[in-house]
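Below: the structure, in structure tokens.
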Amino acid sequence: MCLGCKPGYYVFQAKQCNSCIQNCLKCNSTNCFQCSQGYYYNLSGNVCQQCNQLGCLSCNATACSQC
């Protein structure tokens, strides 16, 4: 029985760890809850997209919130 997985993976049917989408640290089978630094979650595309501004650690689709 699997109770937890390392970052970038989620527990699938209590049997194994499946990988999240690329550049996602915390997820379930359908959504990402935390993207890697420098990325934000684009719900409509179900992807972690890179921030537009160089050197940005956290952002949304329109602006950098932490350099």
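Order determines the names: the first chain of the structure tokens is A, the second B, and so forth; residues in each chain are numbered 1 upward, and ligands are numbered 1 upward as they are shown.
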
Exercise for review: Skip segment 34-39 of chain A itself and residues of its chain fewer than 2 positions away, then list as a PyMOL selection string all residues within 6 Å of it, counting only C-alpha atoms.
Suggested key: chain A and resi 23-26+32+48-51+56-58

Review point. What is the atom CA of Lys15 of chain A to atom CA of Cys2 of chain A distance in Å?
Key: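 Value for the atom CA of Lys15 of chain A-atom CA of Cys2 of chain A distance: 5.3 Å.
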
**Study point:** Contacts of Ala63 of chain A at 9 Å (only C-alpha atoms; same-chain gap of 2+ positions) as JSON, numbers by chain
**Key:** {"A": [51, 52, 53, 58, 59, 60, 61, 65]}

Exercise for review: Please run DSSP on the backbone and report, as a list of chain:residue names, all residues within chain A that come out as strand (DSSP E).
Suggested key: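 The strand (DSSP E) subset of chain A is A:Tyr9, A:Tyr10, A:Val11, A:Phe12, A:Gln16, A:Cys17, A:Asn18, A:Ser19, A:Cys24, A:Leu25, A:Lys26, A:Cys27, A:Cys32, A:Phe33, A:Gln34, A:Cys35, A:Tyr39, A:Tyr40, A:Tyr41, A:Asn42, A:Val47, A:Cys48, A:Gln49, A:Gln50, A:Ser58, A:Cys59, A:Cys64, A:Ser65, A:Gln66.
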
Generate the output file for the selected residues, N, CA, C and O atoms, as a tab-separated table (two decimals), in the first residue's frame.
```
chain	number	residue	atom	x	y	z
A	9	TYR	N	5.01	13.61	-8.03
A	9	TYR	CA	4.25	12.36	-8.19
A	9	TYR	C	3.03	12.36	-7.27
A	9	TYR	O	2.98	13.08	-6.28
A	10	TYR	N	2.03	11.55	-7.59
A	10	TYR	CA	0.84	11.40	-6.74
A	10	TYR	C	0.52	9.91	-6.58
A	10	TYR	O	0.92	9.08	-7.39
A	11	VAL	N	-0.17	9.60	-5.50
A	11	VAL	CA	-0.55	8.21	-5.21
A	11	VAL	C	-1.71	7.81	-6.12
A	11	VAL	O	-2.72	8.50	-6.20
A	12	PHE	N	-1.56	6.70	-6.82
A	12	PHE	CA	-2.60	6.19	-7.70
A	12	PHE	C	-3.12	4.87	-7.15
A	12	PHE	O	-2.37	3.90	-7.03
A	16	GLN	N	0.67	2.71	-6.41
A	16	GLN	CA	1.88	3.18	-7.08
A	16	GLN	C	1.89	4.70	-7.13
A	16	GLN	O	0.89	5.35	-6.87
A	17	CYS	N	3.04	5.26	-7.48
A	17	CYS	CA	3.20	6.70	-7.69
A	17	CYS	C	3.24	6.98	-9.18
A	17	CYS	O	4.04	6.41	-9.90
A	18	ASN	N	2.33	7.84	-9.63
A	18	ASN	CA	2.32	8.28	-11.02
A	18	ASN	C	2.86	9.70	-11.09
A	18	ASN	O	2.69	10.48	-10.15
A	19	SER	N	3.46	10.07	-12.20
A	19	SER	CA	4.05	11.40	-12.30
A	19	SER	C	3.01	12.47	-12.61
A	19	SER	O	2.02	12.22	-13.31
A	24	CYS	N	5.36	20.28	-12.44
A	24	CYS	CA	4.39	20.31	-11.34
A	24	CYS	C	4.97	19.54	-10.15
A	24	CYS	O	5.48	18.44	-10.31
A	25	LEU	N	4.86	20.13	-8.94
A	25	LEU	CA	5.39	19.50	-7.74
A	25	LEU	C	4.33	18.74	-6.94
A	25	LEU	O	4.63	17.73	-6.33
A	26	LYS	N	3.09	19.26	-6.92
A	26	LYS	CA	2.01	18.63	-6.16
A	26	LYS	C	0.78	18.54	-7.06
A	26	LYS	O	0.35	19.54	-7.63
A	27	CYS	N	0.20	17.34	-7.15
A	27	CYS	CA	-0.94	17.15	-8.05
A	27	CYS	C	-1.78	15.96	-7.62
A	27	CYS	O	-1.44	15.23	-6.70
A	32	CYS	N	-2.93	20.16	-11.17
A	32	CYS	CA	-1.69	20.51	-10.48
A	32	CYS	C	-2.04	21.53	-9.41
A	32	CYS	O	-2.79	22.48	-9.67
A	33	PHE	N	-1.50	21.37	-8.21
A	33	PHE	CA	-1.76	22.29	-7.11
A	33	PHE	C	-0.57	23.20	-6.84
A	33	PHE	O	-0.72	24.24	-6.22
A	34	GLN	N	0.62	22.82	-7.29
A	34	GLN	CA	1.81	23.65	-7.10
A	34	GLN	C	2.81	23.36	-8.22
A	34	GLN	O	3.31	22.24	-8.34
A	35	CYS	N	3.08	24.40	-8.99
A	35	CYS	CA	4.10	24.27	-10.05
A	35	CYS	C	5.48	24.59	-9.47
A	35	CYS	O	5.61	25.19	-8.42
A	39	TYR	N	7.19	28.94	-12.62
A	39	TYR	CA	6.06	28.45	-13.43
A	39	TYR	C	4.74	28.75	-12.73
A	39	TYR	O	4.68	28.89	-11.52
A	40	TYR	N	3.65	28.83	-13.49
A	40	TYR	CA	2.30	28.98	-12.94
A	40	TYR	C	1.40	27.96	-13.62
A	40	TYR	O	1.68	27.49	-14.73
A	41	TYR	N	0.30	27.61	-12.94
A	41	TYR	CA	-0.62	26.61	-13.48
A	41	TYR	C	-1.64	27.26	-14.40
A	41	TYR	O	-2.35	28.17	-14.01
A	42	ASN	N	-1.70	26.82	-15.63
A	42	ASN	CA	-2.68	27.28	-16.60
A	42	ASN	C	-3.77	26.22	-16.65
A	42	ASN	O	-3.61	25.18	-17.28
A	47	VAL	N	-1.44	22.80	-17.87
A	47	VAL	CA	0.02	22.79	-17.95
A	47	VAL	C	0.60	23.80	-16.97
A	47	VAL	O	-0.04	24.77	-16.59
A	48	CYS	N	1.83	23.56	-16.55
A	48	CYS	CA	2.59	24.55	-15.79
A	48	CYS	C	3.39	25.34	-16.82
A	48	CYS	O	4.24	24.78	-17.50
A	49	GLN	N	3.06	26.62	-16.96
A	49	GLN	CA	3.72	27.47	-17.95
A	49	GLN	C	4.78	28.31	-17.28
A	49	GLN	O	4.61	28.78	-16.15
A	50	GLN	N	5.86	28.54	-18.00
A	50	GLN	CA	6.95	29.34	-17.48
A	50	GLN	C	6.54	30.81	-17.38
A	50	GLN	O	5.84	31.33	-18.25
A	58	SER	N	7.78	33.42	-8.89
A	58	SER	CA	6.37	33.05	-8.85
A	58	SER	C	5.56	34.11	-9.59
A	58	SER	O	5.88	35.29	-9.58
A	59	CYS	N	4.52	33.65	-10.30
A	59	CYS	CA	3.75	34.55	-11.16
A	59	CYS	C	2.37	33.97	-11.41
A	59	CYS	O	2.05	32.87	-10.98
A	64	CYS	N	4.50	39.02	-12.65
A	64	CYS	CA	5.42	38.37	-11.71
A	64	CYS	C	5.07	38.84	-10.31
A	64	CYS	O	4.86	40.03	-10.07
A	65	SER	N	4.98	37.93	-9.35
A	65	SER	CA	4.66	38.31	-7.98
A	65	SER	C	5.84	38.18	-7.04
A	65	SER	O	5.80	38.66	-5.92
A	66	GLN	N	6.90	37.50	-7.48
A	66	GLN	CA	8.11	37.37	-6.65
A	66	GLN	C	9.32	37.19	-7.54
A	66	GLN	O	9.38	36.27	-8.34
```
